[in-house]
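Engineer: File data22.cif follows (mmCIF, N, CA and C atoms):
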```
data_coords
#
loop_
_atom_site.label_atom_id
_atom_site.label_comp_id
_atom_site.auth_asym_id
_atom_site.auth_seq_id
_atom_site.Cartn_x
_atom_site.Cartn_y
_atom_site.Cartn_z
N MET A 1 -45.88 13.83 55.28
CA MET A 1 -45.84 14.36 53.93
C MET A 1 -46.12 13.22 52.96
N ARG A 2 -46.93 13.50 51.96
CA ARG A 2 -47.23 12.51 50.92
C ARG A 2 -46.23 12.67 49.78
N TYR A 3 -45.94 11.57 49.11
CA TYR A 3 -45.03 11.58 47.97
C TYR A 3 -45.74 10.98 46.77
N VAL A 4 -45.36 11.45 45.60
CA VAL A 4 -45.85 10.92 44.34
C VAL A 4 -44.67 10.28 43.63
N LYS A 5 -44.86 9.08 43.12
CA LYS A 5 -43.78 8.43 42.38
C LYS A 5 -43.98 8.65 40.89
N LEU A 6 -42.88 9.03 40.23
CA LEU A 6 -42.88 9.16 38.78
C LEU A 6 -41.81 8.25 38.22
N SER A 7 -42.10 7.64 37.10
CA SER A 7 -41.10 6.79 36.45
C SER A 7 -40.11 7.66 35.69
N GLU A 8 -38.99 7.08 35.33
CA GLU A 8 -38.00 7.78 34.51
C GLU A 8 -38.64 8.25 33.21
N GLU A 9 -39.44 7.39 32.60
CA GLU A 9 -40.12 7.74 31.36
C GLU A 9 -41.04 8.95 31.54
N GLU A 10 -41.73 9.00 32.68
CA GLU A 10 -42.62 10.13 32.94
C GLU A 10 -41.84 11.43 33.17
N VAL A 11 -40.75 11.36 33.94
CA VAL A 11 -39.93 12.55 34.18
C VAL A 11 -39.38 13.08 32.87
N LEU A 12 -38.83 12.19 32.04
CA LEU A 12 -38.29 12.61 30.75
C LEU A 12 -39.39 13.15 29.83
N GLY A 13 -40.56 12.52 29.87
CA GLY A 13 -41.69 12.97 29.06
C GLY A 13 -42.17 14.36 29.44
N ILE A 14 -42.20 14.65 30.73
CA ILE A 14 -42.58 15.99 31.20
C ILE A 14 -41.58 17.01 30.68
N GLY A 15 -40.29 16.69 30.80
CA GLY A 15 -39.25 17.59 30.30
C GLY A 15 -39.39 17.85 28.81
N LYS A 16 -39.67 16.78 28.04
CA LYS A 16 -39.84 16.94 26.59
C LYS A 16 -41.06 17.79 26.26
N THR A 17 -42.13 17.62 27.02
CA THR A 17 -43.33 18.43 26.80
C THR A 17 -43.04 19.90 27.05
N TYR A 18 -42.40 20.20 28.19
CA TYR A 18 -42.03 21.59 28.48
C TYR A 18 -41.17 22.15 27.36
N GLU A 19 -40.18 21.38 26.92
CA GLU A 19 -39.25 21.84 25.89
C GLU A 19 -39.97 22.06 24.56
N SER A 20 -40.95 21.21 24.23
CA SER A 20 -41.67 21.37 22.96
C SER A 20 -42.50 22.64 22.94
N ILE A 21 -42.93 23.09 24.10
CA ILE A 21 -43.74 24.31 24.19
C ILE A 21 -42.87 25.55 24.37
N LEU A 22 -41.85 25.44 25.22
CA LEU A 22 -41.08 26.61 25.63
C LEU A 22 -39.66 26.67 25.08
N SER A 23 -39.25 25.68 24.31
CA SER A 23 -37.88 25.60 23.80
C SER A 23 -36.91 25.60 24.98
N THR A 24 -35.80 26.30 24.87
CA THR A 24 -34.79 26.26 25.93
C THR A 24 -35.23 26.99 27.20
N ALA A 25 -36.29 27.80 27.13
CA ALA A 25 -36.82 28.44 28.35
C ALA A 25 -37.34 27.38 29.32
N ALA A 26 -37.64 26.20 28.81
CA ALA A 26 -38.09 25.11 29.68
C ALA A 26 -37.04 24.74 30.72
N TYR A 27 -35.77 24.92 30.38
CA TYR A 27 -34.70 24.53 31.30
C TYR A 27 -34.78 25.33 32.59
N GLY A 28 -35.07 26.61 32.48
CA GLY A 28 -35.22 27.45 33.66
C GLY A 28 -36.42 27.05 34.49
N LEU A 29 -37.52 26.72 33.83
CA LEU A 29 -38.72 26.29 34.53
C LEU A 29 -38.47 24.98 35.27
N LEU A 30 -37.80 24.04 34.62
CA LEU A 30 -37.50 22.76 35.26
C LEU A 30 -36.55 22.97 36.45
N SER A 31 -35.57 23.84 36.27
CA SER A 31 -34.64 24.15 37.36
C SER A 31 -35.38 24.77 38.55
N LYS A 32 -36.31 25.67 38.28
CA LYS A 32 -37.11 26.28 39.35
C LYS A 32 -37.94 25.23 40.09
N LYS A 33 -38.45 24.27 39.35
CA LYS A 33 -39.18 23.17 39.98
C LYS A 33 -38.24 22.45 40.95
N GLY A 34 -37.02 22.20 40.50
CA GLY A 34 -36.03 21.55 41.35
C GLY A 34 -35.68 22.38 42.57
N GLU A 35 -35.62 23.70 42.40
CA GLU A 35 -35.31 24.58 43.54
C GLU A 35 -36.36 24.43 44.64
N THR A 36 -37.61 24.28 44.26
CA THR A 36 -38.68 24.07 45.24
C THR A 36 -38.44 22.77 46.00
N ILE A 37 -38.12 21.72 45.28
CA ILE A 37 -37.84 20.43 45.91
C ILE A 37 -36.61 20.54 46.81
N GLY A 38 -35.57 21.19 46.31
CA GLY A 38 -34.33 21.35 47.07
C GLY A 38 -34.53 22.12 48.36
N LYS A 39 -35.36 23.14 48.33
CA LYS A 39 -35.64 23.94 49.53
C LYS A 39 -36.29 23.06 50.60
N ILE A 40 -37.24 22.25 50.20
CA ILE A 40 -37.94 21.38 51.14
C ILE A 40 -36.97 20.34 51.70
N ILE A 41 -36.14 19.76 50.84
CA ILE A 41 -35.14 18.80 51.32
C ILE A 41 -34.20 19.48 52.30
N ALA A 42 -33.68 20.65 51.94
CA ALA A 42 -32.71 21.36 52.80
C ALA A 42 -33.30 21.67 54.17
N GLU A 43 -34.54 22.08 54.20
CA GLU A 43 -35.18 22.42 55.47
C GLU A 43 -35.37 21.21 56.37
N SER A 44 -35.37 20.01 55.78
CA SER A 44 -35.58 18.79 56.57
C SER A 44 -34.27 18.21 57.11
N LEU A 45 -33.14 18.72 56.66
CA LEU A 45 -31.85 18.14 57.05
C LEU A 45 -31.49 18.60 58.46
N LYS A 46 -31.13 17.63 59.30
CA LYS A 46 -30.92 17.93 60.71
C LYS A 46 -29.50 17.64 61.21
N SER A 47 -28.78 16.79 60.53
CA SER A 47 -27.52 16.31 61.09
C SER A 47 -26.36 17.25 60.80
N ASP A 48 -25.25 17.01 61.49
CA ASP A 48 -24.03 17.76 61.25
C ASP A 48 -23.39 17.36 59.92
N ASP A 49 -23.78 16.20 59.41
CA ASP A 49 -23.28 15.71 58.12
C ASP A 49 -24.26 16.14 57.02
N TYR A 50 -24.41 17.45 56.88
CA TYR A 50 -25.43 18.06 56.03
C TYR A 50 -25.41 17.49 54.61
N PHE A 51 -24.24 17.50 53.96
CA PHE A 51 -24.18 17.06 52.57
C PHE A 51 -24.36 15.55 52.44
N ASP A 52 -23.88 14.78 53.41
CA ASP A 52 -24.11 13.33 53.38
C ASP A 52 -25.59 13.02 53.52
N GLU A 53 -26.25 13.73 54.42
CA GLU A 53 -27.69 13.54 54.60
C GLU A 53 -28.46 13.98 53.36
N ALA A 54 -28.03 15.09 52.76
CA ALA A 54 -28.67 15.57 51.53
C ALA A 54 -28.52 14.54 50.41
N ALA A 55 -27.32 13.98 50.27
CA ALA A 55 -27.07 12.97 49.24
C ALA A 55 -27.98 11.76 49.44
N GLU A 56 -28.13 11.32 50.67
CA GLU A 56 -29.00 10.17 50.96
C GLU A 56 -30.45 10.48 50.61
N GLU A 57 -30.89 11.68 50.93
CA GLU A 57 -32.28 12.06 50.63
C GLU A 57 -32.51 12.12 49.12
N ILE A 58 -31.56 12.67 48.38
CA ILE A 58 -31.69 12.73 46.92
C ILE A 58 -31.75 11.32 46.34
N LYS A 59 -30.91 10.42 46.85
CA LYS A 59 -30.94 9.01 46.40
C LYS A 59 -32.26 8.35 46.79
N ASN A 60 -32.68 8.54 48.04
CA ASN A 60 -33.91 7.91 48.52
C ASN A 60 -35.14 8.35 47.74
N ARG A 61 -35.11 9.57 47.25
CA ARG A 61 -36.24 10.08 46.45
C ARG A 61 -36.16 9.65 44.99
N GLY A 62 -35.07 8.97 44.61
CA GLY A 62 -34.98 8.40 43.27
C GLY A 62 -34.42 9.31 42.19
N TRP A 63 -33.91 10.47 42.56
CA TRP A 63 -33.38 11.38 41.54
C TRP A 63 -32.07 10.87 40.96
N VAL A 64 -31.30 10.12 41.77
CA VAL A 64 -30.01 9.58 41.33
C VAL A 64 -29.82 8.19 41.91
N GLU A 65 -28.92 7.44 41.29
CA GLU A 65 -28.54 6.14 41.85
C GLU A 65 -27.42 6.31 42.87
N ASP A 66 -26.49 7.23 42.60
CA ASP A 66 -25.40 7.50 43.52
C ASP A 66 -24.96 8.94 43.34
N ILE A 67 -24.49 9.56 44.44
CA ILE A 67 -24.09 10.96 44.39
C ILE A 67 -23.01 11.22 45.42
N GLU A 68 -22.00 11.96 45.00
CA GLU A 68 -20.94 12.42 45.90
C GLU A 68 -21.00 13.94 45.92
N ILE A 69 -21.13 14.50 47.12
CA ILE A 69 -21.24 15.94 47.26
C ILE A 69 -20.08 16.44 48.11
N ASP A 70 -19.38 17.47 47.63
CA ASP A 70 -18.42 18.18 48.48
C ASP A 70 -18.64 19.67 48.29
N ASP A 71 -17.77 20.48 48.83
CA ASP A 71 -18.00 21.92 48.80
C ASP A 71 -18.09 22.52 47.41
N ASN A 72 -17.36 21.96 46.43
CA ASN A 72 -17.28 22.60 45.11
C ASN A 72 -17.70 21.74 43.94
N THR A 73 -17.89 20.44 44.16
CA THR A 73 -18.18 19.53 43.05
C THR A 73 -19.21 18.48 43.48
N ILE A 74 -20.11 18.16 42.57
CA ILE A 74 -21.07 17.09 42.79
C ILE A 74 -20.91 16.12 41.63
N ARG A 75 -20.76 14.84 41.97
CA ARG A 75 -20.65 13.79 40.94
C ARG A 75 -21.84 12.86 41.09
N VAL A 76 -22.52 12.62 39.97
CA VAL A 76 -23.77 11.87 39.99
C VAL A 76 -23.71 10.71 39.01
N LYS A 77 -24.14 9.57 39.49
CA LYS A 77 -24.36 8.41 38.60
C LYS A 77 -25.84 8.09 38.62
N GLY A 78 -26.37 7.83 37.45
CA GLY A 78 -27.76 7.40 37.35
C GLY A 78 -28.78 8.49 37.59
N SER A 79 -28.54 9.70 37.09
CA SER A 79 -29.55 10.76 37.19
C SER A 79 -30.77 10.35 36.38
N ILE A 80 -31.94 10.50 36.98
CA ILE A 80 -33.17 10.11 36.29
C ILE A 80 -33.43 10.99 35.06
N GLU A 81 -32.81 12.17 35.02
CA GLU A 81 -33.02 13.08 33.89
C GLU A 81 -32.06 12.86 32.73
N ALA A 82 -30.96 12.17 32.97
CA ALA A 82 -29.95 11.98 31.92
C ALA A 82 -30.42 10.91 30.95
N ASN A 83 -30.30 11.21 29.67
CA ASN A 83 -30.66 10.23 28.65
C ASN A 83 -29.77 10.45 27.45
N ASN A 84 -29.75 9.51 26.57
CA ASN A 84 -28.86 9.58 25.42
C ASN A 84 -29.48 10.27 24.21
N GLU A 85 -30.63 10.91 24.41
CA GLU A 85 -31.30 11.58 23.30
C GLU A 85 -30.87 13.02 23.14
N ASN A 86 -30.15 13.55 24.13
CA ASN A 86 -29.69 14.94 24.07
C ASN A 86 -28.20 14.97 23.78
N SER A 87 -27.72 16.12 23.37
CA SER A 87 -26.28 16.30 23.18
C SER A 87 -25.77 17.40 24.09
N GLU A 88 -26.58 17.76 25.07
CA GLU A 88 -26.19 18.79 26.02
C GLU A 88 -26.69 18.38 27.41
N PRO A 89 -26.18 19.04 28.47
CA PRO A 89 -26.63 18.69 29.82
C PRO A 89 -28.15 18.74 29.94
N SER A 90 -28.71 17.76 30.65
CA SER A 90 -30.17 17.66 30.71
C SER A 90 -30.73 17.51 32.12
N CYS A 91 -29.91 17.65 33.13
CA CYS A 91 -30.36 17.42 34.52
C CYS A 91 -30.81 18.72 35.17
N HIS A 92 -31.84 19.33 34.62
CA HIS A 92 -32.28 20.66 35.03
C HIS A 92 -32.96 20.65 36.41
N ILE A 93 -33.82 19.67 36.66
CA ILE A 93 -34.47 19.60 37.97
C ILE A 93 -33.43 19.31 39.04
N LEU A 94 -32.55 18.37 38.78
CA LEU A 94 -31.50 18.04 39.74
C LEU A 94 -30.62 19.25 40.03
N LYS A 95 -30.32 20.01 39.01
CA LYS A 95 -29.52 21.24 39.19
C LYS A 95 -30.23 22.19 40.16
N GLY A 96 -31.53 22.34 40.02
CA GLY A 96 -32.30 23.19 40.93
C GLY A 96 -32.32 22.65 42.35
N ILE A 97 -32.47 21.33 42.48
CA ILE A 97 -32.44 20.70 43.81
C ILE A 97 -31.12 21.02 44.49
N LEU A 98 -30.03 20.80 43.76
CA LEU A 98 -28.69 21.03 44.32
C LEU A 98 -28.48 22.49 44.66
N LYS A 99 -28.98 23.37 43.82
CA LYS A 99 -28.81 24.81 44.07
C LYS A 99 -29.38 25.20 45.43
N ASN A 100 -30.58 24.76 45.73
CA ASN A 100 -31.18 25.17 46.99
C ASN A 100 -30.62 24.42 48.18
N ILE A 101 -30.13 23.23 47.99
CA ILE A 101 -29.44 22.54 49.08
C ILE A 101 -28.17 23.30 49.45
N TYR A 102 -27.41 23.73 48.45
CA TYR A 102 -26.21 24.52 48.70
C TYR A 102 -26.55 25.91 49.22
N SER A 103 -27.58 26.53 48.68
CA SER A 103 -27.95 27.88 49.09
C SER A 103 -28.37 27.92 50.56
N GLN A 104 -28.97 26.87 51.03
CA GLN A 104 -29.37 26.79 52.45
C GLN A 104 -28.13 26.84 53.34
N LYS A 105 -27.05 26.27 52.87
CA LYS A 105 -25.81 26.21 53.64
C LYS A 105 -24.93 27.44 53.41
N TYR A 106 -24.85 27.92 52.17
CA TYR A 106 -23.92 28.99 51.81
C TYR A 106 -24.61 30.27 51.33
N HIS A 107 -25.91 30.35 51.42
CA HIS A 107 -26.73 31.52 51.06
C HIS A 107 -26.87 31.72 49.56
N PHE A 108 -25.81 31.95 48.83
CA PHE A 108 -25.97 32.11 47.38
C PHE A 108 -24.91 31.28 46.67
N VAL A 109 -25.35 30.51 45.72
CA VAL A 109 -24.41 29.72 44.92
C VAL A 109 -24.88 29.70 43.48
N LYS A 110 -23.96 29.37 42.61
CA LYS A 110 -24.27 29.11 41.21
C LYS A 110 -23.86 27.66 40.95
N ILE A 111 -24.72 26.92 40.31
CA ILE A 111 -24.46 25.52 39.98
C ILE A 111 -24.45 25.40 38.46
N ASP A 112 -23.42 24.79 37.92
CA ASP A 112 -23.33 24.53 36.48
C ASP A 112 -23.11 23.04 36.27
N GLU A 113 -23.89 22.45 35.38
CA GLU A 113 -23.66 21.07 34.99
C GLU A 113 -22.60 21.09 33.89
N VAL A 114 -21.39 20.63 34.23
CA VAL A 114 -20.27 20.72 33.30
C VAL A 114 -20.06 19.44 32.51
N GLU A 115 -20.61 18.34 32.97
CA GLU A 115 -20.59 17.07 32.23
C GLU A 115 -21.93 16.38 32.47
N CYS A 116 -22.40 15.66 31.45
CA CYS A 116 -23.67 14.95 31.58
C CYS A 116 -23.63 13.64 30.78
N VAL A 117 -24.28 12.66 31.32
CA VAL A 117 -24.42 11.37 30.62
C VAL A 117 -25.09 11.60 29.27
N SER A 118 -25.96 12.60 29.20
CA SER A 118 -26.64 12.92 27.93
C SER A 118 -25.66 13.32 26.84
N GLU A 119 -24.47 13.77 27.25
CA GLU A 119 -23.42 14.15 26.29
C GLU A 119 -22.47 12.99 26.03
N GLY A 120 -22.79 11.82 26.56
CA GLY A 120 -21.92 10.67 26.37
C GLY A 120 -20.86 10.52 27.45
N LYS A 121 -20.94 11.32 28.51
CA LYS A 121 -19.97 11.25 29.61
C LYS A 121 -20.31 10.08 30.53
N GLU A 122 -19.34 9.71 31.34
CA GLU A 122 -19.50 8.59 32.27
C GLU A 122 -20.49 8.92 33.39
N MET A 123 -20.49 10.17 33.83
CA MET A 123 -21.39 10.60 34.89
C MET A 123 -21.72 12.07 34.71
N CYS A 124 -22.66 12.54 35.49
CA CYS A 124 -23.00 13.96 35.49
C CYS A 124 -22.17 14.64 36.56
N VAL A 125 -21.57 15.78 36.21
CA VAL A 125 -20.74 16.53 37.14
C VAL A 125 -21.22 17.97 37.19
N PHE A 126 -21.41 18.46 38.40
CA PHE A 126 -21.85 19.83 38.64
C PHE A 126 -20.74 20.57 39.38
N LYS A 127 -20.48 21.80 38.98
CA LYS A 127 -19.51 22.66 39.67
C LYS A 127 -20.29 23.71 40.45
N VAL A 128 -19.81 23.97 41.66
CA VAL A 128 -20.45 24.92 42.55
C VAL A 128 -19.56 26.16 42.67
N THR A 129 -20.15 27.32 42.45
CA THR A 129 -19.44 28.59 42.64
C THR A 129 -20.18 29.34 43.76
N ARG A 130 -19.40 29.72 44.77
CA ARG A 130 -19.99 30.48 45.89
C ARG A 130 -19.58 31.91 45.82
#
```
What's the structure tokens form of this structure?
Structural biologist:
Amino acid sequence: MRYVKLSEEEVLGIGKTYESILSTAAYGLLSKKGETIGKIIAESLKSDDYFDEAAEEIKNRGWVEDIEIDDNTIRVKGSIEANNENSEPSCHILKGILKNIYSQKYHFVKIDEVECVSEGKEMCVFKVTR
């Protein structure tokens, strides 16, 4: 499989472009993009340590600097999507990635970003509802 590298500036710029055209509807589009990535990651996971392997893959692909995943909560440091220019959660692609990683394991889940560095928080926190 080939990979394309994008800088943080490029990822944020793409998000801003989508938002300038689609307003808040861009968030759903970005999340759907993440769901596609998450599905591919989930299908590649082979070990019994599913969430540990998923966390490593998300880090290795550069979406986060560090991530802790458990059944109901995800804590993220260094999300490439988080920036100080927003006053609301901004990790839409990451949310989609996480949704499909969890959905592969639990079939249907809802993921909500309840804290974000973009809001001035220490880290991004996602809650999982099954």
Engineer: What do you get, as a list in words, if you spell out every residue that the PyMOL selection byres ((chain A and resi 65) around 6.5) selects here?
Structural biologist: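 Output of the PyMOL selection byres ((chain A and resi 65) around 6.5): Lys59, Gly62, Trp63, Val64, Asp66, Ile67, Lys77, Gly78, Ser79 and Ile80 of chain A.
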Engineer: Dump N, CA and C atoms for the selected residues as a PDB file, in the coordinates of the input?
Structural biologist:
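File written: part00.pdb
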```
ATOM      1  N   LYS A  59     -30.910  10.420  46.850  1.00  0.00           N
ATOM      2  CA  LYS A  59     -30.940   9.010  46.400  1.00  0.00           C
ATOM      3  C   LYS A  59     -32.260   8.350  46.790  1.00  0.00           C
ATOM      4  N   GLY A  62     -35.070   8.970  44.610  1.00  0.00           N
ATOM      5  CA  GLY A  62     -34.980   8.400  43.270  1.00  0.00           C
ATOM      6  C   GLY A  62     -34.420   9.310  42.190  1.00  0.00           C
ATOM      7  N   TRP A  63     -33.910  10.470  42.560  1.00  0.00           N
ATOM      8  CA  TRP A  63     -33.380  11.380  41.540  1.00  0.00           C
ATOM      9  C   TRP A  63     -32.070  10.870  40.960  1.00  0.00           C
ATOM     10  N   VAL A  64     -31.300  10.120  41.770  1.00  0.00           N
ATOM     11  CA  VAL A  64     -30.010   9.580  41.330  1.00  0.00           C
ATOM     12  C   VAL A  64     -29.820   8.190  41.910  1.00  0.00           C
ATOM     13  N   ASP A  66     -26.490   7.230  42.600  1.00  0.00           N
ATOM     14  CA  ASP A  66     -25.400   7.500  43.520  1.00  0.00           C
ATOM     15  C   ASP A  66     -24.960   8.940  43.340  1.00  0.00           C
ATOM     16  N   ILE A  67     -24.490   9.560  44.440  1.00  0.00           N
ATOM     17  CA  ILE A  67     -24.090  10.960  44.390  1.00  0.00           C
ATOM     18  C   ILE A  67     -23.010  11.220  45.420  1.00  0.00           C
ATOM     19  N   LYS A  77     -24.140   9.570  39.490  1.00  0.00           N
ATOM     20  CA  LYS A  77     -24.360   8.410  38.600  1.00  0.00           C
ATOM     21  C   LYS A  77     -25.840   8.090  38.620  1.00  0.00           C
ATOM     22  N   GLY A  78     -26.370   7.830  37.450  1.00  0.00           N
ATOM     23  CA  GLY A  78     -27.760   7.400  37.350  1.00  0.00           C
ATOM     24  C   GLY A  78     -28.780   8.490  37.590  1.00  0.00           C
ATOM     25  N   SER A  79     -28.540   9.700  37.090  1.00  0.00           N
ATOM     26  CA  SER A  79     -29.550  10.760  37.190  1.00  0.00           C
ATOM     27  C   SER A  79     -30.770  10.350  36.380  1.00  0.00           C
ATOM     28  N   ILE A  80     -31.940  10.500  36.980  1.00  0.00           N
ATOM     29  CA  ILE A  80     -33.170  10.110  36.290  1.00  0.00           C
ATOM     30  C   ILE A  80     -33.430  10.990  35.060  1.00  0.00           C
TER      31      ILE A  80
END
```
Engineer: Please return, as a VMD selection string, all polymer residues that have at least one atom within 8 Å of the point (-21.8, 18.0, 43.3); use only C-alpha atoms and the file's own coordinate frame.
Structural biologist: chain A and resid 67 to 76 98 125 to 128
Engineer: Measure the distance from atom N of Cys116 of chain A to atom N of Asn86 of chain A in Å and round it to one decimal.
Structural biologist: 10.9 Å
Engineer: Give me the residues near Glu85 of chain A as a PyMOL selection string, where near means some atom within 8 Å (using all atoms listed in the file) and where sequence neighbours in that chain fewer than 4 positions away do not count.
Structural biologist: chain A and resi 117-119
Engineer: Can you spell out as a PyMOL selection string the set of residues that the PyMOL selection byres ((chain A and resi 32-48) around 8) selects in the structure I just provided?
Structural biologist: chain A and resi 26-31+49-54+57-58+92-102+104-105
Engineer: For a quick check of your reading of the model, name the residues lying within 7 Å of the coordinate (-26.5, 22.5, 30.3), counting all atoms listed in the file, and write them as a PyMOL selection string.
Structural biologist: chain A and resi 88-91+112-114
Engineer: Figure out the distance between atom N of Gly120 of chain A and atom N of Lys5 of chain A, please, to one decimal in Å.
Structural biologist: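 According to the coordinates, atom N of Lys5 of chain A and atom N of Gly120 of chain A are separated by 27.7 Å.
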Engineer: As a ChimeraX atom specification, list the residues of chain A assigned to helix (DSSP H, G or I) by DSSP on the backbone atoms of this structure.
Structural biologist: /A:8-22,25-44,50-60,92-106,117-119
Engineer: When DSSP works through the backbone of this structure, what residues of chain A end up as strand (DSSP E or B), shown as a ChimeraX atom specification?
Structural biologist: /A:66-69,73-77,110-115,124-129
Engineer: What's the separation between atom C of Glu8 of chain A and atom CA of Ala82 of chain A, in Å to one decimal place?
Structural biologist: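 Computing the Euclidean distance for atom C of Glu8 of chain A and atom CA of Ala82 of chain A yields 9.5 Å.
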